[in-house]
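J.: For reference, this is coords_29.csv, and it has CSV, C-alpha atoms.
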chain,number,residue,atom,x,y,z
A,1358,ASP,CA,14.0,24.0,29.6
A,1359,THR,CA,12.8,21.7,26.8
A,1360,GLY,CA,9.2,22.6,27.2
A,1361,VAL,CA,8.2,19.3,28.7
A,1362,SER,CA,6.9,19.6,32.2
A,1363,GLN,CA,6.3,17.0,34.9
A,1364,ASN,CA,4.5,17.2,38.2
A,1365,PRO,CA,5.2,16.7,40.9
A,1366,ARG,CA,9.0,17.0,40.9
A,1367,HIS,CA,9.3,14.9,44.0
A,1368,LYS,CA,7.0,12.4,45.7
A,1369,ILE,CA,7.5,10.6,48.9
A,1370,THR,CA,5.1,7.8,49.7
A,1371,LYS,CA,4.7,4.8,51.9
A,1372,ARG,CA,4.8,1.3,50.6
A,1373,GLY,CA,1.4,0.2,49.4
A,1374,GLN,CA,0.1,3.6,48.5
A,1375,ASN,CA,-0.9,4.6,45.0
A,1376,VAL,CA,0.9,7.5,43.2
A,1377,THR,CA,0.1,9.3,40.0
A,1378,PHE,CA,2.5,11.5,37.9
A,1379,ARG,CA,1.7,13.9,35.2
A,1380,CYS,CA,3.5,14.9,32.0
A,1381,ASP,CA,2.6,17.9,29.8
A,1382,PRO,CA,4.3,17.5,26.4
A,1383,ILE,CA,5.4,20.1,23.9
A,1384,SER,CA,2.1,20.9,22.2
A,1385,GLU,CA,2.9,19.8,18.7
A,1386,HIS,CA,4.6,16.5,19.7
A,1387,ASN,CA,2.5,13.5,19.0
A,1388,ARG,CA,4.9,10.9,20.5
A,1389,LEU,CA,5.2,10.5,24.3
A,1390,TYR,CA,7.4,8.2,26.2
A,1391,TRP,CA,7.8,7.2,29.9
A,1392,TYR,CA,11.1,6.0,31.2
A,1393,ARG,CA,12.4,5.0,34.6
A,1394,GLN,CA,15.9,5.8,35.8
A,1395,THR,CA,17.7,4.5,38.9
A,1396,LEU,CA,21.1,5.7,40.2
A,1397,GLY,CA,24.0,4.9,38.0
A,1398,GLN,CA,21.8,3.6,35.2
A,1399,GLY,CA,20.6,5.1,31.9
A,1400,PRO,CA,16.8,5.6,31.4
A,1401,GLU,CA,14.8,2.4,30.9
A,1402,PHE,CA,11.9,2.5,28.5
A,1403,LEU,CA,8.5,1.9,30.1
A,1404,THR,CA,5.8,2.8,27.6
A,1405,TYR,CA,5.1,4.8,24.4
A,1406,PHE,CA,2.1,6.7,23.1
A,1407,GLN,CA,1.4,8.0,19.6
A,1408,ASN,CA,-1.3,10.5,20.1
A,1409,GLU,CA,-3.8,8.8,22.4
A,1410,ALA,CA,-2.9,5.3,21.5
A,1411,GLN,CA,-0.5,3.3,23.8
A,1412,LEU,CA,1.5,1.4,21.2
A,1413,GLU,CA,4.1,-0.3,23.3
A,1414,LYS,CA,4.7,-1.4,26.8
A,1415,SER,CA,8.0,-2.7,28.2
A,1416,ARG,CA,8.1,-5.9,30.2
A,1417,LEU,CA,9.3,-3.7,33.0
A,1418,LEU,CA,5.8,-2.2,33.2
A,1419,SER,CA,4.2,-4.6,35.6
A,1420,ASP,CA,0.4,-4.9,36.2
A,1421,ARG,CA,0.7,-2.3,39.0
A,1422,PHE,CA,1.7,0.4,36.4
A,1423,SER,CA,-0.8,2.0,34.1
A,1424,ALA,CA,-0.4,5.0,31.8
A,1425,GLU,CA,-2.9,7.1,29.9
A,1426,ARG,CA,-2.9,9.9,27.4
A,1427,PRO,CA,-6.4,11.1,27.0
A,1428,LYS,CA,-7.0,13.1,23.8
A,1429,GLY,CA,-3.4,12.8,22.9
A,1430,SER,CA,-2.3,15.7,25.2
A,1431,PHE,CA,-1.0,15.3,28.7
A,1432,SER,CA,-0.2,11.8,30.1
A,1433,THR,CA,-0.4,10.3,33.5
A,1434,LEU,CA,1.5,7.4,34.9
A,1435,GLU,CA,0.0,5.6,37.9
A,1436,ILE,CA,1.7,3.1,40.2
A,1437,GLN,CA,-0.6,1.1,42.4
A,1438,ARG,CA,0.5,-0.6,45.6
A,1439,THR,CA,4.0,1.0,45.5
A,1440,GLU,CA,7.0,-1.1,46.5
A,1441,GLN,CA,10.4,0.1,47.6
A,1442,GLY,CA,11.8,-1.1,44.4
A,1443,ASP,CA,9.7,1.5,42.6
A,1444,SER,CA,11.9,4.2,44.0
A,1445,ALA,CA,13.4,5.9,40.9
A,1446,MET,CA,13.3,9.0,38.7
A,1447,TYR,CA,10.4,8.8,36.3
A,1448,LEU,CA,11.1,10.6,33.1
A,1449,CYS,CA,8.7,11.7,30.4
A,1450,ALA,CA,9.9,12.5,26.9
A,1451,THR,CA,8.2,13.7,23.8
A,1452,GLY,CA,8.9,13.9,20.1
A,1453,THR,CA,7.4,14.0,16.6
A,1454,SER,CA,7.0,11.3,14.0
A,1455,GLY,CA,9.7,11.3,11.5
A,1456,TYR,CA,12.9,9.8,10.3
A,1457,SER,CA,14.6,10.0,13.6
A,1458,ASP,CA,13.6,9.6,17.2
A,1459,THR,CA,15.1,12.7,18.9
A,1460,GLN,CA,13.4,13.0,22.3
A,1461,TYR,CA,12.9,15.9,24.5
A,1462,PHE,CA,12.9,15.0,28.2
A,1463,GLY,CA,11.1,16.6,31.1
A,1464,PRO,CA,12.8,17.2,34.4
A,1465,GLY,CA,11.5,14.0,35.9
A,1466,THR,CA,9.6,13.0,39.0
A,1467,ARG,CA,11.7,11.6,41.8
A,1468,LEU,CA,9.8,8.9,43.6
A,1469,THR,CA,10.8,7.7,47.1
A,1470,VAL,CA,8.9,4.8,48.5
A,1471,LEU,CA,9.5,4.3,52.3
B,503,SER,CA,20.5,-9.7,23.8
B,504,GLN,CA,21.1,-6.1,22.8
B,505,LYS,CA,23.7,-4.3,24.8
B,506,ILE,CA,25.0,-0.8,24.9
B,507,GLU,CA,28.3,-0.3,26.7
B,508,GLN,CA,29.8,2.9,27.8
B,509,ASN,CA,33.0,3.6,29.9
B,510,SER,CA,31.8,2.7,33.4
B,511,GLU,CA,34.5,4.7,35.1
B,512,ALA,CA,34.4,8.5,35.3
B,513,LEU,CA,36.5,10.4,33.0
B,514,ASN,CA,38.5,13.2,34.5
B,515,ILE,CA,40.3,15.7,32.3
B,516,GLN,CA,41.9,19.1,32.5
B,517,GLU,CA,40.2,22.1,31.0
B,518,GLY,CA,41.2,22.8,27.4
B,519,LYS,CA,41.9,19.1,26.6
B,520,THR,CA,39.7,16.9,24.4
B,521,ALA,CA,37.4,14.4,26.1
B,522,THR,CA,36.7,11.2,24.2
B,523,LEU,CA,33.8,9.0,25.3
B,524,THR,CA,33.1,5.5,23.8
B,525,CYS,CA,29.9,3.7,23.1
B,526,ASN,CA,30.0,0.1,22.0
B,527,TYR,CA,26.9,-1.9,21.1
B,528,THR,CA,26.1,-5.5,20.3
B,529,ASN,CA,23.2,-7.2,18.5
B,530,TYR,CA,22.0,-4.0,16.9
B,531,SER,CA,21.7,-2.8,13.4
B,532,PRO,CA,20.9,0.8,14.1
B,533,ALA,CA,19.7,3.3,11.6
B,534,TYR,CA,21.1,6.0,13.8
B,535,LEU,CA,22.7,6.6,17.2
B,536,GLN,CA,22.1,9.5,19.5
B,537,TRP,CA,24.1,11.2,22.3
B,538,TYR,CA,22.5,13.0,25.3
B,539,ARG,CA,23.8,15.0,28.2
B,540,GLN,CA,22.4,14.6,31.7
B,541,ASP,CA,23.1,16.8,34.7
B,542,PRO,CA,22.4,15.6,38.2
B,543,GLY,CA,18.7,15.6,39.0
B,544,ARG,CA,17.6,16.6,35.5
B,545,GLY,CA,16.4,14.9,32.4
B,546,PRO,CA,18.7,14.0,29.5
B,547,VAL,CA,19.2,16.7,26.9
B,548,PHE,CA,19.7,15.8,23.2
B,549,LEU,CA,23.0,16.7,21.7
B,550,LEU,CA,23.7,14.9,18.4
B,551,LEU,CA,22.3,12.2,16.1
B,552,ILE,CA,24.4,10.4,13.6
B,553,ARG,CA,22.9,8.1,10.9
B,554,GLU,CA,24.3,4.8,9.8
B,555,ASN,CA,25.5,6.3,6.5
B,556,GLU,CA,27.4,9.1,8.2
B,557,LYS,CA,30.9,8.7,9.4
B,558,GLU,CA,31.2,11.9,11.4
B,559,LYS,CA,29.0,14.7,12.7
B,560,ARG,CA,30.0,18.0,14.2
B,561,LYS,CA,28.2,20.6,16.3
B,562,GLU,CA,30.3,23.5,17.7
B,563,ARG,CA,32.9,21.8,20.0
B,564,LEU,CA,31.2,18.4,19.7
B,565,LYS,CA,32.1,15.6,17.3
B,566,VAL,CA,30.6,12.2,16.9
B,567,THR,CA,31.9,9.3,14.8
B,568,PHE,CA,30.0,6.2,14.0
B,569,ASP,CA,31.6,2.9,12.8
B,570,THR,CA,29.0,0.3,12.0
B,571,THR,CA,31.6,-2.3,11.3
B,572,LEU,CA,33.2,-1.9,14.7
B,573,LYS,CA,29.8,-1.3,16.2
B,574,GLN,CA,31.2,1.8,18.0
B,575,SER,CA,30.6,5.5,18.3
B,576,LEU,CA,33.1,8.0,19.7
B,577,PHE,CA,32.0,11.3,21.2
B,578,HIS,CA,34.5,14.1,21.4
B,579,ILE,CA,34.4,17.4,23.2
B,580,THR,CA,37.2,19.7,22.2
B,581,ALA,CA,38.6,22.5,24.2
B,582,SER,CA,36.7,21.2,27.2
B,583,GLN,CA,35.3,23.5,29.9
B,584,PRO,CA,34.2,22.8,33.5
B,585,ALA,CA,30.7,23.5,32.3
B,586,ASP,CA,30.9,20.3,30.2
B,587,SER,CA,31.0,18.3,33.4
B,588,ALA,CA,28.0,15.9,33.2
B,589,THR,CA,27.0,12.4,32.4
B,590,TYR,CA,26.9,11.6,28.7
B,591,LEU,CA,24.5,8.9,27.4
B,592,CYS,CA,24.6,7.0,24.2
B,593,ALA,CA,21.2,5.7,22.9
B,594,LEU,CA,19.9,3.4,20.1
B,595,GLU,CA,16.4,2.6,19.1
B,596,ILE,CA,14.8,-0.5,20.5
B,597,ASP,CA,13.8,-3.3,18.2
B,598,SER,CA,10.3,-1.9,17.6
B,599,GLY,CA,11.8,1.4,16.7
B,600,TYR,CA,9.4,3.2,18.9
B,601,ALA,CA,11.7,4.2,21.8
B,602,LEU,CA,15.4,4.3,22.9
B,603,ASN,CA,17.7,2.1,24.8
B,604,PHE,CA,20.3,4.0,26.7
B,605,GLY,CA,23.7,3.0,27.9
B,606,LYS,CA,24.6,3.6,31.6
B,607,GLY,CA,26.4,6.8,30.7
B,608,THR,CA,29.9,8.1,31.3
B,609,SER,CA,30.5,10.7,33.9
B,610,LEU,CA,32.8,13.5,32.7
B,611,LEU,CA,34.6,15.8,35.1
B,612,VAL,CA,36.5,18.8,33.6
B,613,THR,CA,38.8,20.5,36.1
B,614,PRO,CA,40.2,24.0,35.8
Show me the file's structure as structure tokens.

T.:
Amino acid sequence: DTGVSQNPRHKITKRGQNVTFRCDPISEHNRLYWYRQTLGQGPEFLTYFQNEAQLEKSRLLSDRFSAERPKGSFSTLEIQRTEQGDSAMYLCATGTSGYSDTQYFGPGTRLTVL
Amino acid sequence: SQKIEQNSEALNIQEGKTATLTCNYTNYSPAYLQWYRQDPGRGPVFLLLIRENEKEKRKERLKVTFDTTLKQSLFHITASQPADSATYLCALEIDSGYALNFGKGTSLLVTP
């Protein structure tokens, strides 16, 4: 257990519905990342927060995706109008500013879009 | 474009042997390279980080080498155990330096 928690662990939804995932970071970590991982692939970067500021978004993050990190604590990732292609594991990772970028991952939220 | 390549085929070895996994990259000038372990249905777990000015790094039964000329890192597990069976991911920072790009990972199976 890295200390990063994610909820829910599993989510099944119908195409077209909205879903929201939550990530609670290690308390002293100011960096927070969202990744998406599909079967047989490595995690793919979606977006990055430093404290409450969203500093970078991947081109993978379409307009249907939005992420927030109010007050620099927990973060939420919302997917609107889900599509079957959104089915994946959504991973949250946290870290601290410094010379390296070691990241501590949560257990992930497995999304299945029917 | 930037690419990270890892052995696509699973690596099967016998308990007690040394496992060697390869990570090759193109169009990167990384300041460091990281290795993570991932078990099925779980998030990746950080194992080792090696910087560009380091040739080799060790941690218990793990050893990582980093050759910036060959653009390659090798990850070794000595005296392998069935508990070492997992997928091992190589990662480099993306252009902006804010996050990581991961390879697809290599699946390792250690049999008794």

J.: Check every residue of chain A for an atom within 9 Å of chain B, counting only C-alpha atoms, and provide those that qualify as a VMD selection string.

T.: chain A and resid 1359 1390 1397 to 1402 1404 to 1405 1412 to 1413 1446 1448 to 1450 1457 to 1465 1467

J.: Could you tell me how far CA of Leu564 in chain B sits from CA of Leu513 in chain B, in Å to one decimal place?

T.: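 Going from CA of Leu513 in chain B over to CA of Leu564 in chain B covers 16.4 Å.
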
J.: Put a box with edges along x, y and z around all the listed atoms of range 605-612 of chain B, pad it by 6 Å on each side, then give me its centre and sizes in Å, one decimal, as AutoDock Vina command-line options.

T.:
--center_x 30.1 --center_y 10.9 --center_z 31.5 --size_x 24.8 --size_y 27.8 --size_z 19.2

J.: Distance CA of Leu576 in chain B-CA of Asn529 in chain B, one decimal place?

T.: 18.2 Å

J.: Do you know which residues are at most 7 Å from Leu523 in chain B counting only C-alpha atoms, after dropping those on the same chain fewer than 2 positions away, and could you put them as number ranges by chain?

T.: B: 521, 525, 576-578

J.: Taking the point (36.1, 10.6, 37.8) as given in the file, collect each protein or nucleic acid residue that comes within 12 Å of it, counting only C-alpha atoms, and present the set as a JSON list (two decimals) with C-alpha atoms, in the frame of the given file.

T.:
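Ended up saving to part-v5.json:
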[["chain", "number", "residue", "atom", "x", "y", "z"],
["B", 509, "ASN", "CA", 33.00, 3.60, 29.90],
["B", 510, "SER", "CA", 31.80, 2.70, 33.40],
["B", 511, "GLU", "CA", 34.50, 4.70, 35.10],
["B", 512, "ALA", "CA", 34.40, 8.50, 35.30],
["B", 513, "LEU", "CA", 36.50, 10.40, 33.00],
["B", 514, "ASN", "CA", 38.50, 13.20, 34.50],
["B", 515, "ILE", "CA", 40.30, 15.70, 32.30],
["B", 516, "GLN", "CA", 41.90, 19.10, 32.50],
["B", 587, "SER", "CA", 31.00, 18.30, 33.40],
["B", 588, "ALA", "CA", 28.00, 15.90, 33.20],
["B", 589, "THR", "CA", 27.00, 12.40, 32.40],
["B", 608, "THR", "CA", 29.90, 8.10, 31.30],
["B", 609, "SER", "CA", 30.50, 10.70, 33.90],
["B", 610, "LEU", "CA", 32.80, 13.50, 32.70],
["B", 611, "LEU", "CA", 34.60, 15.80, 35.10],
["B", 612, "VAL", "CA", 36.50, 18.80, 33.60],
["B", 613, "THR", "CA", 38.80, 20.50, 36.10]]

J.: Contacts of Thr1453 in chain A at 8 Å or less, counting only C-alpha atoms, minus same-chain residues fewer than 5 places along, as a count of residues only?

T.: 5

J.: How many Å separate CA of His1367 in chain A from CA of Leu1471 in chain A?

T.: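 If I compute the distance from CA of His1367 in chain A to CA of Leu1471 in chain A, I get 13.5 Å.
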
J.: Give the answer as one residue: which of A:Thr1451, A:Ser1415, A:Thr1469, A:Ser1432 has the shortest atom-to-atom distance to Arg1379 in chain A, using only C-alpha atoms?

T.: A:Ser1432

J.: For Cys1380 in chain A, which residue among A:Ser1362, A:Gln1437, A:Ser1444, A:Thr1466 is the nearest when counting only C-alpha atoms?

T.: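 Between A:Ser1362, A:Gln1437, A:Ser1444, A:Thr1466, the residue approaching Cys1380 in chain A most closely is A:Ser1362.
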
J.: Need to verify the contact set: range 1418-1423 of chain A, 10 Å, all atoms listed in the file, exclusion of same-chain residues closer than 6 positions in sequence. Can you return it as a ChimeraX atom specification?

T.: /A:1375-1377,1392-1393,1402-1404,1433-1440

J.: Quick one: residues within 8 Å of Ser575 in chain B, only C-alpha atoms, excluding same-chain residues fewer than 2 positions away - as an mmCIF file with C-alpha atoms, keeping the file's coordinate frame?

T.:
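As written to disk, out.cif reads:
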data_model
loop_
_atom_site.group_PDB
_atom_site.id
_atom_site.type_symbol
_atom_site.label_atom_id
_atom_site.label_comp_id
_atom_site.auth_asym_id
_atom_site.auth_seq_id
_atom_site.Cartn_x
_atom_site.Cartn_y
_atom_site.Cartn_z
ATOM 1 C CA THR B 524 33.100 5.500 23.800
ATOM 2 C CA CYS B 525 29.900 3.700 23.100
ATOM 3 C CA ASN B 526 30.000 0.100 22.000
ATOM 4 C CA VAL B 566 30.600 12.200 16.900
ATOM 5 C CA THR B 567 31.900 9.300 14.800
ATOM 6 C CA PHE B 568 30.000 6.200 14.000
ATOM 7 C CA ASP B 569 31.600 2.900 12.800
ATOM 8 C CA LYS B 573 29.800 -1.300 16.200
ATOM 9 C CA PHE B 577 32.000 11.300 21.200
#

J.: Excluding Phe1431 in chain A and its own-chain neighbours fewer than 2 positions away, which residues fall within 10 Å of it when counting only C-alpha atoms? Please give them as a VMD selection string.

T.: chain A and resid 1362 to 1363 1379 to 1384 1389 1408 to 1409 1425 to 1429 1433
